[in-house]
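Trainee: To be precise about what I am sending: the file is called input-v6.txt and holds compact mmCIF, C-alpha atoms and all ligand atoms.
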```txt
# COMPACT_ATOMS: atom_id res chain seq x y z
CA MET A 18 -219.04 -186.63 -112.31
CA THR A 19 -216.35 -184.18 -113.49
CA LYS A 20 -212.83 -185.54 -113.32
CA ARG A 21 -210.69 -183.87 -110.63
CA SER A 22 -207.42 -185.78 -110.88
CA TYR A 23 -204.87 -185.39 -113.68
CA ASP A 24 -201.32 -186.35 -114.58
CA VAL A 25 -200.46 -182.68 -115.09
CA ILE A 26 -202.01 -179.38 -114.03
CA ILE A 27 -200.82 -176.31 -115.92
CA ILE A 28 -201.46 -172.91 -114.38
CA GLY A 29 -201.97 -170.43 -117.21
CA ALA A 30 -203.72 -170.80 -120.58
CA GLY A 31 -201.32 -168.39 -122.24
CA SER A 32 -198.54 -168.37 -124.83
CA VAL A 33 -196.69 -171.14 -122.98
CA GLY A 34 -199.36 -173.10 -121.09
CA THR A 35 -201.62 -173.69 -124.09
CA PRO A 36 -199.10 -175.23 -126.52
CA THR A 37 -197.57 -177.14 -123.61
CA ALA A 38 -200.96 -178.72 -122.87
CA HIS A 39 -201.27 -179.75 -126.52
CA TYR A 40 -197.84 -181.43 -126.66
CA LEU A 41 -198.26 -183.12 -123.25
CA ALA A 42 -201.61 -184.57 -124.29
CA ARG A 43 -200.03 -185.87 -127.48
CA GLU A 44 -197.57 -187.78 -125.28
CA GLY A 45 -200.53 -189.41 -123.54
CA PHE A 46 -200.69 -187.32 -120.34
CA SER A 47 -204.06 -186.29 -118.94
CA VAL A 48 -203.91 -182.51 -118.59
CA LEU A 49 -205.92 -179.77 -116.86
CA VAL A 50 -205.22 -176.10 -117.65
CA ILE A 51 -206.48 -173.50 -115.18
CA ASP A 52 -206.79 -169.80 -115.99
CA LYS A 53 -208.25 -166.94 -114.03
CA ASN A 54 -209.31 -165.12 -117.20
CA ALA A 55 -212.49 -165.80 -119.13
CA SER A 56 -210.91 -167.52 -122.11
CA VAL A 57 -207.68 -168.69 -123.67
CA GLY A 58 -204.81 -166.23 -124.27
CA GLN A 59 -206.23 -163.24 -122.39
CA GLY A 60 -203.02 -162.51 -120.45
CA SER A 61 -199.87 -161.25 -122.16
CA ASN A 62 -200.53 -163.47 -125.18
CA LYS A 63 -203.16 -161.16 -126.60
CA ALA A 64 -200.86 -158.14 -126.29
CA ALA A 65 -198.09 -159.74 -128.37
CA ILE A 66 -197.70 -158.44 -131.92
CA GLY A 67 -196.71 -161.82 -133.40
CA GLY A 68 -192.97 -161.74 -134.11
CA ILE A 69 -191.22 -165.13 -134.22
CA ARG A 70 -187.45 -165.30 -134.55
CA ALA A 71 -184.54 -167.59 -133.83
CA THR A 72 -182.23 -164.58 -133.59
CA HIS A 73 -181.11 -164.26 -129.97
CA SER A 74 -177.79 -163.91 -128.23
CA ASN A 75 -178.75 -166.75 -125.85
CA PRO A 76 -178.22 -170.15 -127.63
CA ALA A 77 -180.92 -171.87 -125.53
CA LYS A 78 -183.48 -169.41 -126.89
CA VAL A 79 -182.18 -169.99 -130.41
CA HIS A 80 -182.77 -173.76 -130.12
CA LEU A 81 -186.24 -173.32 -128.61
CA CYS A 82 -187.27 -170.82 -131.27
CA LEU A 83 -185.95 -172.97 -134.12
CA GLU A 84 -188.35 -175.66 -132.92
CA SER A 85 -191.13 -173.06 -132.59
CA LEU A 86 -190.49 -171.83 -136.13
CA GLU A 87 -190.92 -175.37 -137.39
CA GLU A 88 -194.24 -175.66 -135.57
CA PHE A 89 -195.65 -172.28 -136.60
CA SER A 90 -194.57 -172.64 -140.23
CA SER A 91 -196.04 -176.13 -140.64
CA TRP A 92 -199.16 -175.65 -138.52
CA GLN A 93 -201.61 -174.93 -141.33
CA HIS A 94 -200.34 -177.84 -143.39
CA THR A 95 -200.49 -180.24 -140.43
CA HIS A 96 -203.62 -179.04 -138.63
CA GLY A 97 -205.53 -176.98 -141.19
CA ASP A 98 -205.85 -173.71 -139.22
CA ASP A 99 -204.68 -170.48 -140.85
CA ILE A 100 -202.67 -168.76 -138.11
CA GLU A 101 -201.55 -166.02 -140.53
CA TRP A 102 -198.01 -167.34 -140.58
CA ILE A 103 -195.74 -165.46 -142.95
CA ARG A 104 -192.00 -166.00 -143.40
CA GLY A 105 -191.01 -162.35 -143.78
CA GLY A 106 -187.70 -162.54 -141.91
CA TYR A 107 -186.27 -160.19 -139.28
CA SER A 108 -183.79 -157.36 -139.57
CA PHE A 109 -182.02 -155.61 -136.68
CA VAL A 110 -180.88 -152.35 -138.25
CA ALA A 111 -177.72 -150.38 -137.35
CA TYR A 112 -177.45 -146.61 -137.61
CA ASP A 113 -174.51 -146.30 -135.20
CA GLU A 114 -171.21 -148.11 -134.66
CA ASP A 115 -172.10 -149.53 -131.22
CA THR A 116 -175.23 -151.24 -132.54
CA LYS A 117 -173.36 -152.47 -135.59
CA ASN A 118 -170.62 -154.06 -133.46
CA GLU A 119 -173.14 -155.67 -131.10
CA LEU A 120 -175.04 -157.14 -134.04
CA LEU A 121 -171.90 -158.35 -135.80
CA ALA A 122 -170.98 -160.23 -132.61
CA VAL A 123 -174.38 -161.98 -132.58
CA VAL A 124 -174.01 -162.95 -136.27
CA GLU A 125 -170.59 -164.50 -135.49
CA GLN A 126 -171.96 -166.30 -132.43
CA GLN A 127 -174.89 -167.77 -134.36
CA LYS A 128 -172.84 -169.20 -137.23
CA PRO A 129 -172.47 -172.67 -135.63
CA LEU A 130 -176.21 -172.76 -134.88
CA GLN A 131 -177.05 -172.49 -138.59
CA THR A 132 -180.00 -170.16 -138.19
CA GLY A 133 -179.38 -168.48 -141.54
CA LEU A 134 -178.59 -165.15 -139.86
CA VAL A 135 -176.35 -162.91 -141.97
CA TRP A 136 -174.99 -159.39 -141.88
CA LEU A 137 -176.01 -157.16 -144.81
CA SER A 138 -174.33 -153.92 -145.85
CA ALA A 139 -176.48 -150.79 -146.17
CA GLN A 140 -176.75 -151.40 -149.93
CA GLU A 141 -177.71 -155.08 -149.51
CA LEU A 142 -180.24 -154.28 -146.78
CA SER A 143 -181.87 -151.64 -148.98
CA GLU A 144 -182.48 -154.33 -151.56
CA VAL A 145 -184.34 -156.43 -148.95
CA ILE A 146 -186.19 -153.40 -147.46
CA PRO A 147 -186.39 -150.84 -150.28
CA ALA A 148 -188.43 -148.41 -148.12
CA LEU A 149 -185.79 -148.27 -145.35
CA ASN A 150 -184.23 -144.86 -144.69
CA ARG A 151 -180.66 -144.97 -146.12
CA GLN A 152 -179.38 -141.87 -144.29
CA ASN A 153 -176.62 -142.98 -141.85
CA LEU A 154 -177.61 -146.64 -142.33
CA LEU A 155 -174.60 -148.88 -141.61
CA GLY A 156 -176.29 -152.18 -142.43
CA GLY A 157 -178.16 -154.75 -140.41
CA THR A 158 -178.80 -158.38 -139.69
CA TYR A 159 -181.14 -160.41 -141.85
CA SER A 160 -182.65 -163.74 -140.89
CA PRO A 161 -184.95 -164.83 -143.71
CA GLN A 162 -186.23 -167.95 -141.90
CA ASP A 163 -187.94 -165.88 -139.17
CA GLY A 164 -191.51 -164.68 -139.47
CA SER A 165 -194.76 -163.78 -137.80
CA ALA A 166 -198.20 -165.13 -137.03
CA SER A 167 -201.33 -163.98 -135.27
CA PRO A 168 -201.05 -164.62 -131.49
CA LEU A 169 -204.84 -164.77 -131.24
CA LYS A 170 -205.29 -167.23 -134.09
CA ALA A 171 -202.29 -169.30 -133.02
CA ILE A 172 -203.44 -169.72 -129.43
CA TYR A 173 -206.95 -170.56 -130.59
CA ALA A 174 -205.39 -173.21 -132.86
CA PHE A 175 -203.33 -174.70 -129.98
CA TRP A 176 -206.39 -174.64 -127.71
CA SER A 177 -208.52 -176.41 -130.32
CA ALA A 178 -205.84 -179.04 -130.95
CA ALA A 179 -205.38 -179.56 -127.20
CA LYS A 180 -209.10 -180.07 -126.73
CA ILE A 181 -209.15 -182.66 -129.53
CA ASN A 182 -206.47 -184.43 -127.45
CA LYS A 183 -208.82 -184.32 -124.42
CA VAL A 184 -207.12 -181.52 -122.49
CA ARG A 185 -209.56 -179.89 -120.08
CA PHE A 186 -209.48 -176.10 -119.71
CA VAL A 187 -211.19 -174.30 -116.85
CA PHE A 188 -211.57 -170.51 -117.05
CA ASP A 189 -212.60 -167.83 -114.57
CA GLU A 190 -210.84 -169.84 -111.85
CA GLU A 191 -207.95 -168.31 -110.00
CA VAL A 192 -205.47 -170.61 -108.24
CA ILE A 193 -205.47 -169.45 -104.64
CA GLN A 194 -203.66 -172.26 -102.86
CA ILE A 195 -201.43 -175.25 -103.63
CA THR A 196 -200.29 -177.96 -101.28
CA GLN A 197 -198.41 -181.16 -101.92
CA HIS A 198 -199.00 -184.42 -100.07
CA GLY A 199 -197.54 -186.86 -102.57
CA ASP A 200 -199.71 -185.37 -105.34
CA PHE A 201 -200.48 -181.68 -105.70
CA GLU A 202 -203.76 -180.32 -104.40
CA VAL A 203 -204.62 -177.16 -106.30
CA THR A 204 -207.39 -174.98 -104.91
CA THR A 205 -209.06 -172.40 -107.13
CA THR A 206 -211.79 -169.89 -106.44
CA LYS A 207 -214.28 -172.59 -107.52
CA ALA A 208 -212.89 -176.10 -106.98
CA GLN A 209 -210.05 -178.40 -105.97
CA TYR A 210 -207.99 -180.50 -108.36
CA HIS A 211 -205.17 -183.02 -107.99
CA SER A 212 -202.20 -183.89 -110.14
CA HIS A 213 -198.87 -185.67 -110.11
CA TYR A 214 -197.04 -182.86 -111.97
CA LEU A 215 -197.55 -179.11 -111.79
CA VAL A 216 -196.41 -176.60 -114.44
CA ASN A 217 -196.16 -172.93 -113.55
CA ALA A 218 -196.95 -171.06 -116.79
CA ALA A 219 -198.58 -168.11 -115.04
CA GLY A 220 -196.73 -165.41 -116.99
CA ALA A 221 -196.62 -162.04 -115.23
CA TYR A 222 -198.01 -163.72 -112.07
CA ALA A 223 -195.62 -166.68 -111.96
CA THR A 224 -193.93 -165.43 -108.83
CA ASP A 225 -197.24 -165.58 -106.91
CA ILE A 226 -197.55 -169.27 -107.82
CA GLY A 227 -193.98 -169.85 -106.58
CA GLY A 228 -195.02 -168.04 -103.41
CA PHE A 229 -197.35 -170.93 -102.50
CA PHE A 230 -194.17 -173.00 -101.97
CA ASN A 231 -192.17 -170.17 -100.40
CA GLU A 232 -190.23 -170.02 -103.63
CA PRO A 233 -191.01 -166.67 -105.26
CA LEU A 234 -189.42 -166.39 -108.71
CA PRO A 235 -187.35 -163.52 -110.11
CA VAL A 236 -190.12 -162.54 -112.54
CA ARG A 237 -191.11 -158.92 -112.57
CA PRO A 238 -193.67 -157.65 -115.08
CA ASN A 239 -193.28 -154.41 -116.94
CA MET A 240 -195.56 -152.60 -119.31
CA HIS A 241 -195.05 -152.22 -123.04
CA GLU A 242 -197.12 -150.34 -125.54
CA ALA A 243 -198.17 -151.57 -128.95
CA GLY A 244 -200.34 -150.48 -131.84
CA VAL A 245 -201.79 -151.35 -135.21
CA THR A 246 -202.39 -149.25 -138.33
CA GLU A 247 -204.94 -149.51 -141.05
CA PRO A 248 -204.05 -152.16 -143.68
CA VAL A 249 -201.93 -151.11 -146.66
CA GLN A 250 -200.74 -152.92 -149.77
CA ARG A 251 -197.84 -155.28 -149.04
CA PHE A 252 -194.51 -153.47 -149.26
CA LEU A 253 -192.53 -154.74 -146.26
CA ASN A 254 -191.31 -158.23 -145.51
CA PRO A 255 -189.03 -158.37 -142.46
CA MET A 256 -189.78 -157.32 -138.91
CA ILE A 257 -187.59 -154.25 -138.36
CA VAL A 258 -185.96 -153.88 -134.94
CA ASP A 259 -184.24 -150.65 -133.96
CA MET A 260 -182.36 -151.09 -130.67
CA ARG A 261 -181.31 -147.45 -130.24
CA VAL A 262 -182.34 -145.49 -127.16
CA VAL A 263 -184.55 -142.63 -128.35
CA GLY A 264 -186.46 -140.34 -125.97
CA ASN A 265 -188.31 -142.39 -123.38
CA SER A 266 -187.79 -145.67 -125.20
CA THR A 267 -185.08 -148.28 -125.62
CA ASN A 268 -186.23 -150.08 -128.72
CA ILE A 269 -189.00 -150.33 -131.24
CA TYR A 270 -189.98 -153.20 -133.52
CA PHE A 271 -192.60 -153.36 -136.24
CA TYR A 272 -193.62 -155.34 -139.32
CA GLN A 273 -196.39 -155.70 -141.85
CA HIS A 274 -198.75 -158.46 -140.83
CA ALA A 275 -200.11 -161.01 -143.33
CA THR A 276 -203.33 -158.96 -143.45
CA GLY A 277 -201.55 -155.67 -144.39
CA GLN A 278 -201.55 -153.73 -141.11
CA ILE A 279 -198.32 -152.46 -139.55
CA LEU A 280 -198.00 -153.78 -136.01
CA PHE A 281 -195.53 -152.10 -133.67
CA CYS A 282 -194.28 -152.33 -130.09
CA LEU A 283 -192.20 -149.86 -128.11
CA THR A 284 -190.13 -150.49 -124.97
CA PRO A 285 -190.54 -147.61 -122.52
CA SER A 286 -187.50 -146.24 -120.71
CA PRO A 287 -187.24 -146.15 -117.77
CA PRO A 288 -189.24 -149.39 -117.49
CA ILE A 289 -192.78 -149.16 -116.13
CA TRP A 290 -192.76 -151.91 -113.51
CA GLY A 291 -195.91 -153.56 -112.21
CA THR A 292 -199.07 -155.12 -113.56
CA LYS A 293 -200.87 -151.93 -114.52
CA GLN A 294 -202.07 -152.10 -118.11
CA VAL A 295 -203.55 -148.81 -119.16
CA GLU A 296 -202.45 -147.55 -122.51
CA THR A 297 -201.06 -144.12 -121.93
CA SER A 298 -201.09 -142.91 -125.55
CA GLN A 299 -198.08 -140.82 -124.51
CA PHE A 300 -196.00 -143.36 -126.46
CA LEU A 301 -197.87 -143.07 -129.74
CA PRO A 302 -196.18 -139.81 -130.86
CA LEU A 303 -192.78 -141.32 -129.99
CA SER A 304 -193.58 -144.61 -131.77
CA ALA A 305 -194.81 -142.74 -134.83
CA ARG A 306 -191.68 -140.55 -134.92
CA ARG A 307 -189.40 -143.56 -134.61
CA ILE A 308 -191.21 -145.60 -137.26
CA LEU A 309 -191.31 -142.68 -139.70
CA SER A 310 -187.60 -142.02 -139.23
CA LEU A 311 -187.01 -145.58 -140.48
CA LEU A 312 -189.80 -145.89 -143.05
CA PRO A 313 -190.79 -142.38 -144.20
CA ALA A 314 -193.21 -143.93 -146.73
CA LEU A 315 -195.63 -144.67 -143.87
CA GLU A 316 -196.34 -140.99 -143.30
CA MET A 317 -199.98 -141.03 -144.37
CA VAL A 318 -200.88 -144.38 -142.80
CA LYS A 319 -203.32 -144.08 -139.91
CA VAL A 320 -202.94 -145.80 -136.54
CA ARG A 321 -206.14 -147.64 -135.68
CA ARG A 322 -205.58 -148.68 -132.08
CA THR A 323 -202.96 -148.82 -129.33
CA TRP A 324 -202.84 -151.12 -126.31
CA SER A 325 -200.52 -152.06 -123.49
CA GLY A 326 -199.43 -155.40 -122.09
CA LEU A 327 -196.94 -157.02 -119.78
CA TYR A 328 -193.51 -158.50 -120.43
CA PRO A 329 -192.80 -161.00 -117.59
CA MET A 330 -189.16 -159.93 -117.13
CA THR A 331 -186.24 -161.79 -115.54
CA PRO A 332 -182.97 -160.21 -114.40
CA ASP A 333 -181.09 -161.34 -117.56
CA GLY A 334 -183.86 -161.22 -120.17
CA SER A 335 -184.12 -165.01 -120.62
CA PRO A 336 -186.82 -167.41 -119.38
CA LEU A 337 -186.79 -169.59 -116.27
CA LEU A 338 -187.18 -173.17 -117.37
CA GLY A 339 -186.77 -176.32 -115.31
CA TRP A 340 -187.72 -178.41 -112.31
CA SER A 341 -187.96 -176.75 -108.94
CA GLN A 342 -185.13 -177.82 -106.65
CA LYS A 343 -187.41 -177.35 -103.69
CA VAL A 344 -190.67 -179.04 -104.68
CA ASP A 345 -190.76 -182.42 -106.41
CA ASN A 346 -192.55 -182.65 -109.79
CA TYR A 347 -193.04 -178.89 -110.02
CA PHE A 348 -191.85 -177.48 -113.37
CA ILE A 349 -191.22 -173.77 -113.84
CA ALA A 350 -191.88 -172.25 -117.30
CA ALA A 351 -191.96 -168.55 -116.60
CA GLY A 352 -190.26 -165.21 -117.22
CA MET A 353 -190.70 -165.18 -121.00
CA CYS A 354 -189.86 -161.46 -121.23
CA GLY A 355 -190.71 -160.13 -124.70
CA GLN A 356 -190.53 -163.50 -126.44
CA GLY A 357 -193.12 -165.81 -124.90
CA PHE A 358 -195.24 -166.11 -128.02
CA MET A 359 -192.29 -167.26 -130.12
CA LEU A 360 -190.91 -169.50 -127.36
CA GLY A 361 -194.23 -171.17 -126.48
CA PRO A 362 -194.30 -174.14 -128.88
CA GLY A 363 -190.56 -174.90 -128.46
CA ILE A 364 -190.95 -174.84 -124.68
CA GLY A 365 -194.12 -176.93 -124.84
CA LYS A 366 -192.40 -179.62 -126.88
CA LEU A 367 -189.41 -179.64 -124.54
CA ILE A 368 -191.63 -179.99 -121.44
CA ALA A 369 -193.51 -182.85 -123.08
CA ARG A 370 -190.21 -184.67 -123.79
CA VAL A 371 -188.95 -184.04 -120.26
CA LEU A 372 -192.10 -185.39 -118.59
CA ALA A 373 -192.15 -188.35 -120.98
CA LYS A 374 -188.52 -188.99 -119.95
CA ASP A 375 -187.46 -188.61 -123.54
CA SER A 376 -185.33 -185.47 -123.39
CA THR A 377 -182.44 -184.96 -125.77
CA LYS A 378 -178.91 -183.75 -125.06
CA THR A 379 -179.87 -180.35 -126.47
CA ASP A 380 -182.85 -180.24 -124.07
CA GLU A 381 -180.52 -180.88 -121.14
CA THR A 382 -178.21 -178.07 -122.26
CA ILE A 383 -181.17 -175.71 -122.65
CA LEU A 384 -182.37 -176.59 -119.15
CA GLU A 385 -178.92 -175.93 -117.77
CA GLN A 386 -178.68 -172.55 -119.50
CA LEU A 387 -182.19 -171.46 -118.50
CA SER A 388 -182.18 -172.94 -115.00
CA PRO A 389 -184.30 -170.87 -112.57
CA TYR A 390 -181.29 -171.13 -110.22
CA ARG A 391 -178.64 -169.68 -112.58
CA SER A 392 -176.57 -166.72 -111.48
CA PHE A 393 -178.20 -164.18 -113.86
CA THR A 394 -174.94 -162.62 -114.94
CA GLY A 395 -174.89 -161.11 -118.42
CA GLY A 396 -178.02 -160.53 -120.43
CA GLU A 397 -179.79 -161.05 -123.74
CA SER A 398 -178.42 -158.44 -126.12
CA LEU A 399 -181.30 -158.76 -128.60
CA GLU A 400 -184.13 -157.91 -126.21
C1 LIG B 1 -196.95 -155.17 -126.38
C2 LIG B 1 -196.32 -156.54 -126.40
C3 LIG B 1 -195.82 -157.07 -127.58
C4 LIG B 1 -195.24 -158.34 -127.60
N1 LIG B 1 -194.81 -158.87 -128.79
C5 LIG B 1 -194.29 -160.12 -128.81
C6 LIG B 1 -193.87 -160.70 -130.04
O1 LIG B 1 -193.94 -160.09 -131.10
N2 LIG B 1 -193.36 -161.96 -130.01
C7 LIG B 1 -193.26 -162.68 -128.84
O2 LIG B 1 -192.78 -163.81 -128.86
N3 LIG B 1 -193.66 -162.14 -127.67
C8 LIG B 1 -194.15 -160.89 -127.62
N4 LIG B 1 -194.55 -160.35 -126.44
C9 LIG B 1 -194.29 -161.09 -125.19
C10 LIG B 1 -195.34 -162.16 -124.95
O3 LIG B 1 -196.63 -161.61 -125.05
C11 LIG B 1 -195.13 -162.77 -123.56
O4 LIG B 1 -193.78 -163.09 -123.34
C12 LIG B 1 -195.95 -164.05 -123.45
O5 LIG B 1 -197.29 -163.83 -123.78
C13 LIG B 1 -195.83 -164.65 -122.05
O6 LIG B 1 -196.44 -165.91 -122.11
P1 LIG B 1 -196.90 -166.67 -120.80
O7 LIG B 1 -197.61 -167.91 -121.21
O8 LIG B 1 -195.74 -166.77 -119.88
O9 LIG B 1 -197.92 -165.64 -120.11
P2 LIG B 1 -199.45 -165.33 -120.51
O10 LIG B 1 -199.70 -165.44 -121.95
O11 LIG B 1 -199.78 -164.05 -119.82
O12 LIG B 1 -200.24 -166.52 -119.79
C14 LIG B 1 -200.24 -166.64 -118.39
C15 LIG B 1 -201.66 -166.96 -117.95
O13 LIG B 1 -201.63 -167.35 -116.57
C16 LIG B 1 -202.85 -166.95 -115.99
N5 LIG B 1 -202.69 -166.89 -114.53
C17 LIG B 1 -201.76 -166.18 -113.84
N6 LIG B 1 -201.93 -166.39 -112.51
C18 LIG B 1 -202.98 -167.24 -112.36
C19 LIG B 1 -203.63 -167.81 -111.23
N7 LIG B 1 -203.24 -167.56 -109.97
N8 LIG B 1 -204.69 -168.63 -111.46
C20 LIG B 1 -205.09 -168.90 -112.74
N9 LIG B 1 -204.52 -168.37 -113.83
C21 LIG B 1 -203.48 -167.56 -113.65
C22 LIG B 1 -203.12 -165.60 -116.63
O14 LIG B 1 -204.49 -165.26 -116.56
C23 LIG B 1 -202.61 -165.78 -118.06
O15 LIG B 1 -203.65 -166.08 -118.97
C24 LIG B 1 -195.14 -159.09 -126.40
C25 LIG B 1 -195.67 -158.56 -125.21
C26 LIG B 1 -196.25 -157.31 -125.20
C27 LIG B 1 -196.79 -156.78 -123.91
```
Is it possible to give me this structure as structure tokens?

Mentor:
Amino acid sequence: MTKRSYDVIIIGAGSVGTPTAHYLAREGFSVLVIDKNASVGQGSNKAAIGGIRATHSNPAKVHLCLESLEEFSSWQHTHGDDIEWIRGGYSFVAYDEDTKNELLAVVEQQKPLQTGLVWLSAQELSEVIPALNRQNLLGGTYSPQDGSASPLKAIYAFWSAAKINKVRFVFDEEVIQITQHGDFEVTTTKAQYHSHYLVNAAGAYATDIGGFFNEPLPVRPNMHEAGVTEPVQRFLNPMIVDMRVVGNSTNIYFYQHATGQILFCLTPSPPIWGTKQVETSQFLPLSARRILSLLPALEMVKVRRTWSGLYPMTPDGSPLLGWSQKVDNYFIAAGMCGQGFMLGPGIGKLIARVLAKDSTKTDETILEQLSPYRSFTGGESLE
């Protein structure tokens, strides 16, 4: 008979739930992951373009992503799967004084965290990114330890490793009710399961899960648009992020993937709230204009495909991470905004330590800073 009772049930086989299952199973927990989609990573994970950085203005995110970087960069060596990891670095570029000052503040703030983030003058940055448009360039940040990987290959790798560790995944099952009488009783569209711990890793739908306990979360999805070009010979190493507001967009970021394609993502302005995911194609001309203004050499490169996906946003642009204060043994890992792919492994390892009662001082500080009950003043300046 199929097992119905587990130490931990994770709702969501996405960027966060899948690595978390892997690390929990490694600690010896029996784990069930439930997802309403047909297979692993079919929520926001598959929309992500693959950027992984430890460059954030929020120190908790820095710590989590440093741990993620370690995992992504060593994955092939440790587990054998090629997840198309490449350590190309990241560069936030400045073409105006406001952006420059904001970035210089982040560089200063990160010094004690030893992430390797530096400020480069226009001349120095041109040496790192020779194709970058020099006109009005004031310089930019450079973090050579950052990189990228394939979100599809990475999640498949976490899923495979989790299954080796006996994690059970059920797909095409939507969680429609949760009650707690000592243990949790989780009802899906197909079955009922029980667990001692429950992890909410439901991404854009995390607030619905909280709703089962009358504790809706401040997670509000909004739509972003991304695209991929044909492959070209390698000429670009870092992910380039331009934070300027241009037309109907706040920022754009793009890089050359390990396989040669340029992958890009644009943040619409004003935000497009809700769970609708229809690519509009109205953003392609704007994306193309913005990318070409930074890298004119891409002029003849053809875009192959565009798509849209959801950022699960929080009021301050940082995740909600920690135990519920209302429901015992219910852990919230939601509101990843535009960084859930890069945060996933770091968060998964932290959750595994917390449940194994082996958390570090840094973990406790992270949980304090990312508490779902914080006041949400301020915001992440490197969104
Ligand atoms: C265009 C775009 C580009 C991006 N680029 C990057 C990037 O370069 N780097 C980066 O780090 N991040 C990036 N992101 C952000 C990243 O994709 C998200 O932050 C991340 O995927 C969120 O992870 P998650 O596990 O919280 O959610 P998801 O990956 O969406 O997983 C949540 C899962 O929960 C399931 N679920 C929800 N409710 C239920 C229910 N009731 N029952 C059962 N299952 C349920 C869903 O089906 C889903 O599979 C990008 C996002 C977009 C849209």

Trainee: Which residues sit within 7 Å of ligand LIG 1 (chain B), counting all atoms listed in the file, listed as an MDAnalysis selection string?

Mentor: chainID A and resid 28:34 51:54 57:69 190:193 218:223 226 240:243 282 325:329 351:360

Trainee: Which is closer to Ala148 of chain A than all the others in A:Pro255, A:Gly361, A:Gly339, A:Pro36, using all atoms listed in the file?

Mentor: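 Going through A:Pro255, A:Gly361, A:Gly339, A:Pro36 one by one, the smallest distance to Ala148 of chain A is for A:Pro255.
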
Trainee: Compare A:Met256, A:Ile364, A:Ala314, A:Ala139 by their minimum atom-to-atom distance to Gln162 of chain A, counting only C-alpha atoms, and give me the closest one.

Mentor: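 Comparing A:Met256, A:Ile364, A:Ala314, A:Ala139 against Gln162 of chain A, the winner is A:Met256.
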
Trainee: When distances are computed from only C-alpha atoms, which of A:Pro238, A:Pro288, A:Pro332, A:Gly157 shows the smallest separation from Ala122 of chain A?

Mentor: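 Closest to Ala122 of chain A, using only C-alpha atoms: A:Gly157.
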
Trainee: What is the distance, in Å and to one decimal place, between atom CA of Asp200 of chain A and atom CA of Lys378 of chain A?

Mentor: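 Straight-line distance from atom CA of Asp200 of chain A to atom CA of Lys378 of chain A works out to 28.7 Å.
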
Trainee: Using all atoms listed in the file, which residue out of A:Gly244, A:Pro302, A:Gly105, A:Gly227 lies closest to Phe281 of chain A?

Mentor: A:Gly244

Trainee: Would you mind telling me which residue in A:Ser47, A:Gln273, A:Asn153, A:Ser286 lies nearest to Lys183 of chain A when using all atoms listed in the file?

Mentor: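 Among A:Ser47, A:Gln273, A:Asn153, A:Ser286, it is A:Ser47 that comes nearest to Lys183 of chain A.
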
Trainee: With all atoms listed in the file as the basis for distance, which of A:Ile279, A:Pro168, A:Gln152, A:Glu381 is at the shortest distance from Gln140 of chain A?

Mentor: A:Gln152
